[in-house]
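Below is the file data-v4.txt, which contains compact mmCIF, C-alpha atoms.
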# COMPACT_ATOMS: atom_id res chain seq x y z
CA MET A 245 -34.22 -0.19 18.02
CA SER A 246 -31.21 -2.35 18.81
CA LEU A 247 -31.57 -6.08 18.28
CA PRO A 248 -31.26 -8.47 21.23
CA GLN A 249 -27.80 -10.03 21.51
CA PRO A 250 -28.95 -13.61 20.71
CA VAL A 251 -30.40 -12.39 17.41
CA HIS A 252 -27.08 -10.73 16.54
CA VAL A 253 -25.29 -13.97 17.45
CA ALA A 254 -27.63 -16.07 15.29
CA ILE A 255 -27.45 -13.80 12.25
CA THR A 256 -23.66 -13.46 12.45
CA LEU A 257 -23.38 -17.25 12.78
CA LEU A 258 -25.65 -17.55 9.75
CA LEU A 259 -23.31 -15.37 7.68
CA VAL A 260 -20.30 -17.51 8.66
CA LEU A 261 -22.08 -20.81 7.94
CA TRP A 262 -23.43 -19.41 4.67
CA ALA A 263 -19.90 -18.54 3.60
CA SER A 264 -18.66 -22.00 4.58
CA SER A 265 -21.45 -23.73 2.64
CA HIS A 266 -21.19 -21.82 -0.63
CA PRO A 267 -19.42 -23.57 -3.55
CA VAL A 268 -18.76 -20.29 -5.37
CA ALA A 269 -16.93 -18.96 -2.33
CA GLU A 270 -14.83 -22.11 -2.15
CA GLN A 271 -13.71 -21.60 -5.74
CA GLN A 272 -12.47 -18.15 -4.75
CA GLY A 273 -10.41 -19.45 -1.83
CA ALA A 274 -6.65 -19.05 -1.56
CA ALA A 275 -4.90 -21.38 -3.98
CA ASP A 276 -2.31 -22.41 -1.39
CA GLY A 277 -5.00 -23.38 1.12
CA SER A 278 -3.44 -21.18 3.83
CA TRP A 279 -5.21 -19.22 6.56
CA ARG A 280 -3.64 -15.94 5.46
CA GLY A 281 -6.89 -14.21 4.52
CA MET A 282 -8.49 -15.10 7.84
CA ARG A 283 -5.40 -13.97 9.74
CA VAL A 284 -5.60 -10.60 7.99
CA LEU A 285 -9.25 -10.27 9.01
CA LEU A 286 -8.48 -11.15 12.63
CA ASP A 287 -5.68 -8.57 12.68
CA THR A 288 -8.10 -5.97 11.33
CA LEU A 289 -10.84 -6.80 13.83
CA ALA A 290 -8.34 -6.84 16.71
CA ASP A 291 -7.38 -3.27 15.79
CA ARG A 292 -10.93 -2.04 15.19
CA PHE A 293 -12.40 -3.51 18.38
CA GLY A 294 -9.34 -3.26 20.56
CA PRO A 295 -8.16 -0.32 22.74
CA THR A 296 -9.62 2.89 21.30
CA GLU A 297 -8.95 6.59 21.55
CA ARG A 298 -11.96 8.77 20.76
CA GLU A 299 -11.66 12.34 19.58
CA ARG A 300 -13.22 14.92 21.86
CA ALA A 301 -16.09 15.64 19.46
CA PHE A 302 -17.03 11.96 19.39
CA GLU A 303 -16.88 11.67 23.18
CA VAL A 304 -19.34 14.58 23.37
CA VAL A 305 -21.82 13.23 20.82
CA ARG A 306 -21.67 9.51 21.70
CA PRO A 307 -23.80 9.65 24.90
CA ARG A 308 -26.29 11.93 23.13
CA LEU A 309 -26.73 9.35 20.37
CA ALA A 310 -27.20 6.57 22.94
CA ARG A 311 -29.86 8.51 24.85
CA GLY A 312 -31.66 9.40 21.61
CA ALA A 313 -31.72 5.94 20.05
CA LEU A 314 -35.26 5.13 21.24
CA VAL A 315 -36.40 8.69 21.96
CA PRO A 316 -35.06 10.80 19.07
CA SER A 317 -37.08 14.02 19.39
CA PRO A 318 -34.71 15.82 21.83
CA LEU A 319 -31.71 14.59 19.86
CA PHE A 320 -33.14 15.85 16.55
CA ASP A 321 -33.21 19.41 17.92
CA ASP A 322 -29.76 19.17 19.56
CA ALA A 323 -27.54 21.35 17.36
CA ALA A 324 -24.35 20.02 18.96
CA ALA A 325 -25.10 16.43 17.95
CA TRP A 326 -24.99 16.77 14.15
CA MET A 327 -22.54 17.75 11.44
CA THR A 328 -25.02 18.24 8.58
CA ARG A 329 -28.76 18.86 8.53
CA GLY A 330 -31.82 19.58 6.45
CA ASP A 331 -35.42 20.53 7.23
CA THR A 332 -36.42 16.96 8.06
CA TRP A 333 -33.10 15.17 8.58
CA ARG A 334 -29.87 15.21 10.56
CA ALA A 335 -26.63 13.34 9.82
CA LEU A 336 -23.05 12.76 10.84
CA GLU A 337 -20.22 10.49 9.79
CA LEU A 338 -17.48 8.69 11.69
CA THR A 339 -13.94 7.91 10.67
CA GLY A 340 -11.60 5.32 12.17
CA TYR A 341 -7.97 4.33 11.68
CA MET A 342 -5.05 2.75 13.53
CA SER A 343 -2.40 5.15 14.84
CA GLY A 344 0.20 4.89 17.56
CA GLY A 345 -0.98 1.51 18.80
CA LEU A 346 -4.57 2.73 19.34
CA TYR A 347 -7.64 2.78 17.12
CA ARG A 348 -8.78 6.39 16.75
CA ILE A 349 -12.39 7.34 16.03
CA GLY A 350 -13.64 10.82 15.20
CA VAL A 351 -16.67 12.68 13.87
CA ARG A 352 -16.73 14.19 10.39
CA ALA A 353 -19.21 15.97 8.14
CA GLN A 354 -18.02 13.63 5.37
CA ALA A 355 -15.65 10.77 6.17
CA ALA A 356 -13.22 9.36 3.61
CA THR A 357 -13.99 6.09 1.84
CA PRO A 358 -12.04 3.26 3.54
CA VAL A 359 -9.23 2.02 1.31
CA VAL A 360 -6.30 1.00 3.50
CA ARG A 361 -6.87 -2.12 5.61
CA GLY A 362 -8.32 -1.13 8.98
CA GLN A 363 -9.85 2.16 7.85
CA TYR A 364 -13.49 2.63 8.90
CA ARG A 365 -16.38 4.87 7.93
CA GLY A 366 -19.71 5.08 9.71
CA ARG A 367 -22.74 7.05 8.58
CA MET A 368 -25.75 7.91 10.75
CA ARG A 369 -28.90 9.67 9.59
CA LEU A 370 -32.06 10.56 11.51
CA GLN A 371 -35.15 11.37 9.44
CA ARG A 372 -38.16 13.05 11.03
CA LEU A 373 -41.47 11.68 9.79
CA ALA A 374 -45.01 12.77 10.59
CA GLY A 375 -46.69 12.38 13.97
CA GLY A 376 -43.64 12.22 16.22
CA ARG A 377 -42.13 9.36 14.26
CA PHE A 378 -38.52 8.97 13.14
CA GLU A 379 -36.39 6.66 11.04
CA TRP A 380 -32.76 5.79 11.79
CA THR A 381 -30.42 4.62 9.06
CA ALA A 382 -26.82 3.70 9.72
CA SER A 383 -24.04 2.05 7.77
CA ASP A 384 -20.56 0.87 8.68
CA VAL A 385 -17.76 -0.02 6.25
CA LEU A 386 -14.44 -1.54 7.34
CA ALA A 387 -11.61 -2.15 4.86
CA ILE A 388 -10.33 -5.72 5.35
CA GLY A 389 -7.66 -5.96 2.66
CA GLU A 390 -7.38 -9.27 0.84
CA THR A 391 -9.84 -11.19 3.03
CA SER A 392 -12.53 -12.86 0.89
CA PRO A 393 -15.87 -14.57 1.61
CA ALA A 394 -14.09 -17.90 1.25
CA ASP A 395 -11.64 -16.92 4.00
CA ILE A 396 -14.51 -16.27 6.41
CA GLY A 397 -16.19 -19.58 5.69
CA ARG A 398 -13.15 -21.87 5.74
CA PRO A 399 -12.65 -21.95 9.54
CA ALA A 400 -16.28 -22.87 10.13
CA ARG A 401 -16.14 -25.65 7.56
CA ALA A 402 -12.84 -26.95 8.95
CA LEU A 403 -14.29 -27.12 12.48
CA LEU A 404 -17.49 -28.78 11.32
CA ASP A 405 -15.61 -31.28 9.19
CA GLY A 406 -13.21 -32.01 12.05
CA ALA A 407 -16.08 -32.65 14.44
CA ALA A 408 -17.67 -35.07 11.98
CA ARG A 409 -14.36 -36.92 11.52
CA ALA A 410 -14.25 -37.58 15.27
CA ASN A 411 -16.89 -40.23 14.47
CA GLY A 412 -18.90 -39.66 17.63
CA ASP A 413 -15.90 -39.40 19.99
CA ALA A 414 -16.45 -36.06 21.79
CA ALA A 415 -13.25 -36.45 23.84
CA LEU A 416 -11.25 -36.85 20.63
CA ALA A 417 -12.89 -33.74 19.16
CA ARG A 418 -12.12 -31.69 22.29
CA ALA A 419 -8.50 -32.79 22.26
CA ALA A 420 -8.15 -31.99 18.56
CA LEU A 421 -9.61 -28.52 19.08
CA SER A 422 -7.21 -27.80 21.96
CA ARG A 423 -4.22 -28.96 19.89
CA ALA A 424 -5.21 -26.95 16.82
CA LEU A 425 -6.15 -23.73 18.67
CA PRO A 426 -4.28 -23.75 21.99
CA ARG A 427 -3.94 -19.96 22.40
CA ALA A 428 -7.54 -19.18 21.45
CA SER A 429 -8.85 -22.02 23.62
CA ALA A 430 -6.95 -20.62 26.61
CA GLN A 431 -8.06 -17.00 26.10
CA VAL A 432 -11.70 -17.63 25.23
CA GLY A 433 -11.83 -20.35 27.88
CA ARG A 434 -11.31 -17.75 30.59
CA LEU A 435 -14.80 -16.41 29.92
CA PHE A 436 -16.57 -19.35 28.26
CA ARG A 437 -16.16 -22.84 29.66
CA LEU A 438 -16.80 -25.73 27.29
CA GLU A 439 -19.38 -27.67 29.26
CA ASP A 440 -20.67 -30.23 26.80
CA LEU A 441 -19.80 -31.49 23.32
CA ALA A 442 -21.94 -34.30 21.93
CA ILE A 443 -21.27 -35.76 18.47
CA GLN A 444 -23.66 -38.33 17.03
CA PRO A 445 -23.28 -39.85 13.52
CA ASP A 446 -26.49 -41.05 11.86
CA GLY A 447 -27.51 -43.41 9.08
CA ASP A 448 -27.67 -40.64 6.44
CA GLY A 449 -23.95 -40.00 6.60
CA ALA A 450 -24.49 -36.86 8.65
CA THR A 451 -23.36 -35.94 12.16
CA SER A 452 -25.44 -34.15 14.80
CA ILE A 453 -23.48 -31.77 17.04
CA ARG A 454 -24.51 -30.24 20.35
CA LEU A 455 -22.11 -27.66 21.76
CA SER A 456 -22.68 -26.03 25.16
CA VAL A 457 -20.55 -23.28 26.69
CA ARG A 458 -21.09 -21.60 30.04
CA LEU A 459 -20.49 -17.90 30.64
CA VAL A 460 -18.06 -17.61 33.59
CA PRO A 461 -17.39 -13.89 34.32
CA ASP A 462 -15.23 -14.76 37.32
CA GLY A 463 -12.70 -16.23 34.91
CA ILE A 464 -11.67 -12.75 33.74
CA ARG A 465 -12.22 -10.89 37.02
CA GLY A 466 -8.48 -10.79 37.71
CA VAL A 467 -7.73 -8.90 34.48
CA ALA A 468 -11.09 -7.23 33.70
CA PRO A 469 -13.04 -6.77 36.96
CA ARG A 470 -15.45 -4.10 35.69
CA TYR A 471 -16.22 -6.06 32.52
CA ALA A 472 -16.82 -9.19 34.60
CA THR A 473 -19.26 -7.27 36.81
CA PHE A 474 -21.09 -5.90 33.76
CA LEU A 475 -21.48 -9.39 32.29
CA GLU A 476 -22.66 -10.73 35.63
CA ARG A 477 -25.29 -8.02 35.94
CA TYR A 478 -26.63 -7.65 32.40
CA ILE A 479 -25.70 -10.72 30.33
CA ALA A 480 -25.81 -13.60 32.82
CA PRO A 481 -29.57 -13.18 33.53
CA MET A 482 -30.44 -13.43 29.83
CA ARG A 483 -32.63 -16.29 28.61
CA ALA A 484 -33.17 -17.03 24.94
CA SER A 485 -34.46 -19.64 22.55
CA LEU A 486 -33.74 -19.23 18.87
CA VAL A 487 -34.51 -21.29 15.76
CA VAL A 488 -33.22 -20.90 12.19
CA ALA A 489 -35.57 -22.60 9.71
CA ASP A 490 -36.38 -22.55 6.01
CA PRO A 491 -39.73 -21.24 4.69
CA GLY A 492 -41.20 -24.75 4.95
CA GLY A 493 -40.51 -24.86 8.69
CA VAL A 494 -37.55 -27.28 8.48
CA LYS A 495 -35.07 -26.41 11.25
CA TRP A 496 -31.40 -25.97 10.33
CA TRP A 497 -29.96 -25.07 13.72
CA THR A 498 -30.97 -23.75 17.13
CA ILE A 499 -29.46 -21.72 19.98
CA GLU A 500 -30.66 -21.79 23.58
CA ALA A 501 -29.45 -19.70 26.51
CA ALA A 502 -30.42 -20.04 30.17
CA GLU A 503 -28.58 -20.03 33.47
CA ARG A 504 -25.46 -18.74 31.69
CA LEU A 505 -25.38 -21.85 29.50
CA TRP A 506 -25.43 -21.28 25.72
CA THR A 507 -26.15 -24.34 23.56
CA LEU A 508 -25.84 -24.63 19.78
CA ARG A 509 -27.40 -27.59 17.93
CA LEU A 510 -26.69 -28.32 14.29
CA ARG A 511 -26.08 -31.19 11.87
CA VAL A 512 -23.37 -31.48 9.24
CA ARG A 513 -22.40 -33.68 6.33
CA ASN A 514 -19.07 -33.43 4.50
CA GLY A 515 -18.42 -30.15 6.30
CA TYR A 516 -21.74 -28.58 5.25
CA VAL A 517 -24.70 -27.68 7.45
CA VAL A 518 -27.79 -29.79 6.71
CA PRO A 519 -31.29 -29.82 8.29
CA LEU A 520 -31.47 -31.03 11.89
CA GLN A 521 -33.80 -33.84 10.83
CA GLY A 522 -34.68 -35.67 7.63
CA ARG A 523 -32.63 -35.87 4.44
CA ALA A 524 -29.01 -34.84 4.86
CA ASP A 525 -28.61 -33.27 1.44
CA GLY A 526 -29.24 -29.98 -0.28
CA GLN A 527 -27.70 -26.55 0.17
CA LEU A 528 -28.69 -23.95 2.74
CA PRO A 529 -31.64 -22.17 1.08
CA ALA A 530 -31.46 -18.53 0.04
CA ARG A 531 -34.37 -17.60 2.32
CA LEU A 532 -34.68 -18.42 6.01
CA ARG A 533 -36.67 -17.39 9.07
CA VAL A 534 -34.99 -16.69 12.39
CA MET A 535 -37.39 -16.77 15.35
CA ALA A 536 -36.34 -15.88 18.88
CA ASP A 537 -37.72 -15.64 22.40
CA VAL A 538 -35.57 -13.31 24.50
CA ALA A 539 -35.83 -12.23 28.14
CA THR A 540 -33.58 -10.44 30.61
CA ARG A 541 -33.72 -8.20 33.66
CA PHE A 542 -32.96 -4.55 34.25
CA GLY A 543 -32.69 -4.31 38.02
CA ARG A 544 -36.10 -5.21 39.46
CA PHE A 545 -37.82 -5.29 36.08
CA GLY A 546 -38.11 -8.19 33.66
CA VAL A 547 -38.17 -7.34 29.94
CA GLY A 548 -38.54 -9.68 26.99
CA ALA A 549 -40.08 -10.54 23.65
CA ARG A 550 -41.58 -13.76 22.30
CA ARG A 551 -41.68 -14.65 18.61
CA LEU A 552 -39.26 -12.01 17.41
CA VAL A 553 -39.07 -12.99 13.73
CA ALA A 554 -36.53 -12.05 11.06
CA ASP A 555 -37.06 -12.95 7.41
CA VAL A 556 -33.55 -13.50 6.07
CA SER A 557 -32.45 -13.25 2.43
CA LEU A 558 -29.00 -14.56 1.52
CA THR A 559 -26.96 -13.15 -1.39
CA ARG A 560 -24.24 -15.01 -3.26
CA THR A 561 -22.35 -13.69 -6.25
CA LEU A 562 -18.75 -13.92 -7.43
CA GLY A 563 -17.87 -10.65 -5.72
CA GLU A 564 -20.23 -10.48 -2.75
CA MET A 565 -21.74 -12.56 0.00
CA GLY A 566 -24.10 -11.42 2.71
CA LEU A 567 -27.54 -11.39 4.21
CA LEU A 568 -30.47 -9.08 4.82
CA ALA A 569 -32.71 -9.64 7.87
CA THR A 570 -36.09 -7.88 7.81
CA PHE A 571 -38.41 -7.54 10.81
CA LEU A 572 -42.09 -7.24 9.87
CA GLU A 573 -43.89 -9.04 12.72
CA GLU A 574 -44.39 -7.41 16.10
CA PRO A 575 -43.36 -9.81 18.88
CA ASP A 576 -45.30 -10.55 22.03
CA TRP A 577 -43.75 -8.10 24.46
CA GLN A 578 -43.07 -9.18 28.05
CA LEU A 579 -42.96 -6.00 30.13
CA PRO A 580 -43.76 -4.89 33.69
CA LEU A 581 -47.49 -4.72 34.36
CA PHE A 582 -47.62 -0.93 34.70
CA VAL A 583 -46.04 -0.62 31.23
CA GLU A 584 -47.86 -3.48 29.52
CA THR A 585 -51.33 -2.21 30.45
CA MET A 586 -50.68 0.97 28.44
CA LEU A 587 -48.92 -0.73 25.55
CA ASP A 588 -50.05 0.45 22.14
CA ASN A 589 -48.74 1.68 18.84
CA PRO A 590 -45.18 2.83 19.79
CA LEU A 591 -43.79 -0.70 20.03
CA ARG A 592 -45.75 -1.89 17.00
CA TYR A 593 -44.53 0.87 14.68
CA PRO A 594 -40.99 -0.47 13.98
CA PHE A 595 -42.56 -3.63 12.51
CA GLU A 596 -45.15 -1.97 10.28
CA ALA A 597 -44.33 -2.07 6.56
CA PRO A 598 -41.65 -1.59 5.36
CA GLY A 599 -40.45 -2.82 8.76
CA SER A 600 -36.91 -2.59 10.10
CA ASP A 601 -33.86 -4.36 8.73
CA VAL A 602 -30.19 -5.06 9.20
CA ALA A 603 -27.68 -6.37 6.64
CA TRP A 604 -24.14 -7.77 6.75
CA THR A 605 -22.00 -8.05 3.62
CA ILE A 606 -18.46 -8.92 2.65
CA ARG A 607 -17.68 -7.72 -0.86
CA GLU A 608 -14.88 -6.95 -3.24
CA ALA A 609 -13.97 -3.30 -3.74
CA PRO A 610 -11.37 -1.55 -5.97
CA GLY A 611 -9.05 -0.70 -3.08
CA GLY A 612 -9.52 -4.00 -1.26
CA ASN A 613 -12.38 -6.01 0.19
CA VAL A 614 -14.74 -4.53 2.79
CA LEU A 615 -16.95 -5.76 5.58
CA ALA A 616 -20.15 -3.71 5.72
CA ARG A 617 -23.28 -3.44 7.84
CA HIS A 618 -26.46 -1.47 7.14
CA TYR A 619 -29.20 -0.80 9.68
CA ARG A 620 -32.61 0.83 9.38
CA ALA A 621 -35.27 1.16 12.07
CA ARG A 622 -38.31 3.33 12.73
CA VAL A 623 -39.30 4.56 16.18
CA SER A 624 -42.34 6.39 17.52
CA ASP A 625 -41.58 8.74 20.41
CA SER A 626 -43.58 7.87 23.56
CA TRP A 627 -43.31 7.61 27.35
CA ILE A 628 -43.03 3.81 27.04
CA LEU A 629 -39.91 4.13 24.94
CA ARG A 630 -38.57 6.75 27.36
CA TRP A 631 -38.95 4.20 30.16
CA LEU A 632 -37.21 1.49 28.11
CA SER A 633 -34.55 3.96 27.02
CA GLY A 634 -33.77 4.73 30.64
CA ARG A 635 -33.20 1.05 31.42
CA VAL A 636 -31.00 0.59 28.34
CA ASN A 637 -29.01 3.74 29.08
CA ASP A 638 -28.31 2.47 32.60
CA ALA A 639 -26.72 -0.63 31.06
CA VAL A 640 -24.79 1.40 28.47
CA GLY A 641 -23.53 3.78 31.15
CA SER A 642 -22.42 0.86 33.29
CA PHE A 643 -20.49 -0.59 30.35
CA ARG A 644 -18.74 2.65 29.48
CA ASP A 645 -17.76 3.31 33.10
CA GLY A 646 -14.54 1.32 32.96
CA ALA A 647 -15.88 -1.96 31.59
CA GLU A 648 -15.55 -0.89 27.97
CA ARG A 649 -11.76 -0.45 28.03
CA GLU A 650 -11.32 -3.81 29.77
CA ALA A 651 -13.61 -5.46 27.21
CA ASP A 652 -11.60 -3.94 24.35
CA ARG A 653 -8.36 -5.36 25.72
CA TYR A 654 -9.84 -8.81 26.33
CA HIS A 655 -11.52 -9.05 22.92
CA ARG A 656 -8.29 -7.99 21.22
CA ALA A 657 -6.36 -10.68 23.11
CA CYS A 658 -8.85 -13.34 21.98
CA LEU A 659 -8.68 -12.27 18.32
CA LEU A 660 -4.89 -12.16 18.29
CA ALA A 661 -4.68 -15.56 19.99
CA LEU A 662 -6.78 -17.06 17.21
CA ARG A 663 -4.66 -15.28 14.60
CA ASP A 664 -1.48 -16.75 16.09
CA ASP A 665 -3.01 -20.23 16.16
CA LEU A 666 -3.84 -19.97 12.46
CA ALA A 667 -0.30 -18.76 11.75
CA ALA A 668 1.05 -21.84 13.54
CA LEU A 669 -1.24 -24.07 11.49
CA ASP A 670 0.07 -22.46 8.29
CA ALA A 671 3.63 -23.07 9.38
CA ALA A 672 3.02 -26.71 10.35
CA PRO A 673 3.93 -29.49 7.86

Write-out of the structure in structure tokens:
Amino acid sequence: MSLPQPVHVAITLLLVLWASSHPVAEQQGAADGSWRGMRVLLDTLADRFGPTERERAFEVVRPRLARGALVPSPLFDDAAAWMTRGDTWRALELTGYMSGGLYRIGVRAQAATPVVRGQYRGRMRLQRLAGGRFEWTASDVLAIGETSPADIGRPARALLDGAARANGDAALARAALSRALPRASAQVGRLFRLEDLAIQPDGDGATSIRLSVRLVPDGIRGVAPRYATFLERYIAPMRASLVVADPGGVKWWTIEAAERLWTLRLRVRNGYVVPLQGRADGQLPARLRVMADVATRFGRFGVGARRLVADVSLTRTLGEMGLLATFLEEPDWQLPLFVETMLDNPLRYPFEAPGSDVAWTIREAPGGNVLARHYRARVSDSWILRWLSGRVNDAVGSFRDGAEREADRYHRACLLALRDDLAALDAAP
């Protein structure tokens, strides 16, 4: 089962802040202190998530995979959907590469290991278990060249340190951000308006930061009308409350979303994230808990979950940095009455031991560093999941009907704008 967007946002943010707060990663940083490694990563991501050309075989299988994500039994028996198979499993692999100004993605029985920067390999496997139950496993690997964990963390630390140096002057911090990143501020600002920035130093030598941005789909309607409509329909109604805490319950940062306003609260000292309250020392612990309440609407129906919990383990070695988020606690589902009254095992099963998990990693590899994701989830086929799958597929279909290409172009423009800002910073005295 796919994770709600706020949970993806929180866990991705956690990876970035973890990289920025890790002394080992800092020791591995570029000796000249430049932004080159981060610029290489932005170039790679702009290619991978920019305008895409999909091979015919992938265009055929992609909607089948989307429809079968929550209801896998028809997909398991669909001979056209898989490249390899066994008695109880099905599998396929994806390959991606830049060619002719477009990123090309195709289906393979066995994709090549990514070596050249920008090359991608995806692996998907569906295992049939007993009693109408299935397990999905998927992995993605993207070659990112020389980019290191330190390169990912440095921008976050620079921004946090810069905010603290504003000494409580939010106007000064805003102006400094606009001067440092003028192109990215202009591009991202078309869709997200900076609504509030509060900076408050405290007696422990730390600084509390509250950052609020408002989703404004009309800002991109002139260049991406279908994408703006999709965001208006499916993302704008979303409400979320999310807390990242250590095992003792001490909060490290929070995210809230309502009425299109997304607010991040955190506290920093000397460029490092510290607990929101109490002593402003210590390093981000290696184990955390992310807890979220998420709600949205699909047409006339409200859907949500309370107390969606991820137990997060952070890894840190000389050659690797990443995290593993495991979901072992069933949330309190908020569903339409006619669905909720018949709720039973199908929505509990993904959280039964060993649970479901997702991992992000950046690591060194012989041919160059890679950015990798691994995903594993169990599903139990049922009419409830068929109903939910129908609502999700409506949203996916709406996105792919013109909005996807516009989103690819806009996201690429944002990534390249940030890359160019970093290049200008490198060239400055």

If you count all atoms listed in the file, which residues fall within 7 Å of stretch 382-385 of chain A, apart from same-chain ones fewer than 2 positions away, as a PyMOL selection string?
chain A and resi 364-369+380+387+614-620

Write a file of the selected residues as a PDB file, in the frame of the given file, keeping C-alpha atoms.
ATOM      1  CA  TYR A 364     -13.490   2.630   8.900  1.00  0.00           C
ATOM      2  CA  ARG A 365     -16.380   4.870   7.930  1.00  0.00           C
ATOM      3  CA  GLY A 366     -19.710   5.080   9.710  1.00  0.00           C
ATOM      4  CA  ARG A 367     -22.740   7.050   8.580  1.00  0.00           C
ATOM      5  CA  MET A 368     -25.750   7.910  10.750  1.00  0.00           C
ATOM      6  CA  ARG A 369     -28.900   9.670   9.590  1.00  0.00           C
ATOM      7  CA  TRP A 380     -32.760   5.790  11.790  1.00  0.00           C
ATOM      8  CA  ALA A 387     -11.610  -2.150   4.860  1.00  0.00           C
ATOM      9  CA  VAL A 614     -14.740  -4.530   2.790  1.00  0.00           C
ATOM     10  CA  LEU A 615     -16.950  -5.760   5.580  1.00  0.00           C
ATOM     11  CA  ALA A 616     -20.150  -3.710   5.720  1.00  0.00           C
ATOM     12  CA  ARG A 617     -23.280  -3.440   7.840  1.00  0.00           C
ATOM     13  CA  HIS A 618     -26.460  -1.470   7.140  1.00  0.00           C
ATOM     14  CA  TYR A 619     -29.200  -0.800   9.680  1.00  0.00           C
ATOM     15  CA  ARG A 620     -32.610   0.830   9.380  1.00  0.00           C
TER      16      ARG A 620
END

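Taking atom CA of A:Arg283 and atom CA of A:Arg348 as endpoints, the distance between them is 21.8 Å.
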
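Comparing A:Gly463, A:Gly312, A:Gly389, A:Gly376 by their smallest distance to A:Ala609, the closest is A:Gly389 (using all atoms listed in the file).
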
Residues around (-1.4, 3.9, 17.4), cut-off 10 Å, counting all atoms listed in the file - what are they as a compact mmCIF listing (two decimals) with C-alpha atoms, in the coordinates of the input?
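Done, and the output landed in point38.txt:
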# COMPACT_ATOMS: atom_id res chain seq x y z
CA ASP A 291 -7.38 -3.27 15.79
CA PRO A 295 -8.16 -0.32 22.74
CA THR A 296 -9.62 2.89 21.30
CA GLU A 297 -8.95 6.59 21.55
CA TYR A 341 -7.97 4.33 11.68
CA MET A 342 -5.05 2.75 13.53
CA SER A 343 -2.40 5.15 14.84
CA GLY A 344 0.20 4.89 17.56
CA GLY A 345 -0.98 1.51 18.80
CA LEU A 346 -4.57 2.73 19.34
CA TYR A 347 -7.64 2.78 17.12
CA ARG A 348 -8.78 6.39 16.75

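What separates atom CA of A:Ala356 from atom CA of A:Glu299 is a distance of 16.3 Å.
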
Take the point (-13.2, -24.6, 31.2) in the file's coordinates, draw a sphere of radius 12 Å around it, and report as an mmCIF file with C-alpha atoms, in the coordinates of the input every protein, DNA or RNA residue with an atom inside or on it, counting only C-alpha atoms.
data_model
loop_
_atom_site.group_PDB
_atom_site.id
_atom_site.type_symbol
_atom_site.label_atom_id
_atom_site.label_comp_id
_atom_site.auth_asym_id
_atom_site.auth_seq_id
_atom_site.Cartn_x
_atom_site.Cartn_y
_atom_site.Cartn_z
ATOM 1 C CA ARG A 418 -12.120 -31.690 22.290
ATOM 2 C CA SER A 422 -7.210 -27.800 21.960
ATOM 3 C CA SER A 429 -8.850 -22.020 23.620
ATOM 4 C CA ALA A 430 -6.950 -20.620 26.610
ATOM 5 C CA GLN A 431 -8.060 -17.000 26.100
ATOM 6 C CA VAL A 432 -11.700 -17.630 25.230
ATOM 7 C CA GLY A 433 -11.830 -20.350 27.880
ATOM 8 C CA ARG A 434 -11.310 -17.750 30.590
ATOM 9 C CA LEU A 435 -14.800 -16.410 29.920
ATOM 10 C CA PHE A 436 -16.570 -19.350 28.260
ATOM 11 C CA ARG A 437 -16.160 -22.840 29.660
ATOM 12 C CA LEU A 438 -16.800 -25.730 27.290
ATOM 13 C CA GLU A 439 -19.380 -27.670 29.260
ATOM 14 C CA ASP A 440 -20.670 -30.230 26.800
ATOM 15 C CA SER A 456 -22.680 -26.030 25.160
ATOM 16 C CA VAL A 457 -20.550 -23.280 26.690
ATOM 17 C CA ARG A 458 -21.090 -21.600 30.040
ATOM 18 C CA LEU A 459 -20.490 -17.900 30.640
ATOM 19 C CA VAL A 460 -18.060 -17.610 33.590
ATOM 20 C CA PRO A 461 -17.390 -13.890 34.320
ATOM 21 C CA ASP A 462 -15.230 -14.760 37.320
ATOM 22 C CA GLY A 463 -12.700 -16.230 34.910
#

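Considering the residues A:Trp506, A:Arg551, A:Met327, A:Leu336 and counting only C-alpha atoms, A:Val487 has its shortest atom-to-atom contact with A:Arg551.
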
Give me the residues within 8 Å of stretch 510-512 of chain A as a PyMOL selection string, counting all atoms listed in the file and dropping any in the same chain fewer than 6 places off.
chain A and resi 404-405+408+450-454+496-498+518-520+524

Return stretch 353-359 of chain A, completed with N, CA and C atoms, as a JSON list (two decimals), keeping the file's coordinate frame.
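File written: selection_11.json
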[["chain", "number", "residue", "atom", "x", "y", "z"],
["A", 353, "ALA", "N", -18.05, 15.66, 8.97],
["A", 353, "ALA", "CA", -19.21, 15.97, 8.14],
["A", 353, "ALA", "C", -19.28, 14.99, 6.98],
["A", 354, "GLN", "N", -18.09, 14.62, 6.45],
["A", 354, "GLN", "CA", -18.02, 13.63, 5.37],
["A", 354, "GLN", "C", -16.71, 12.86, 5.54],
["A", 355, "ALA", "N", -16.82, 11.61, 5.93],
["A", 355, "ALA", "CA", -15.65, 10.77, 6.17],
["A", 355, "ALA", "C", -15.14, 10.19, 4.86],
["A", 356, "ALA", "N", -13.84, 9.92, 4.81],
["A", 356, "ALA", "CA", -13.22, 9.36, 3.61],
["A", 356, "ALA", "C", -13.64, 7.91, 3.41],
["A", 357, "THR", "N", -13.70, 7.48, 2.16],
["A", 357, "THR", "CA", -13.99, 6.09, 1.84],
["A", 357, "THR", "C", -12.84, 5.20, 2.32],
["A", 358, "PRO", "N", -13.12, 4.14, 3.07],
["A", 358, "PRO", "CA", -12.04, 3.26, 3.54],
["A", 358, "PRO", "C", -11.35, 2.56, 2.37],
["A", 359, "VAL", "N", -10.04, 2.65, 2.35],
["A", 359, "VAL", "CA", -9.23, 2.02, 1.31],
["A", 359, "VAL", "C", -8.15, 1.15, 1.94]]
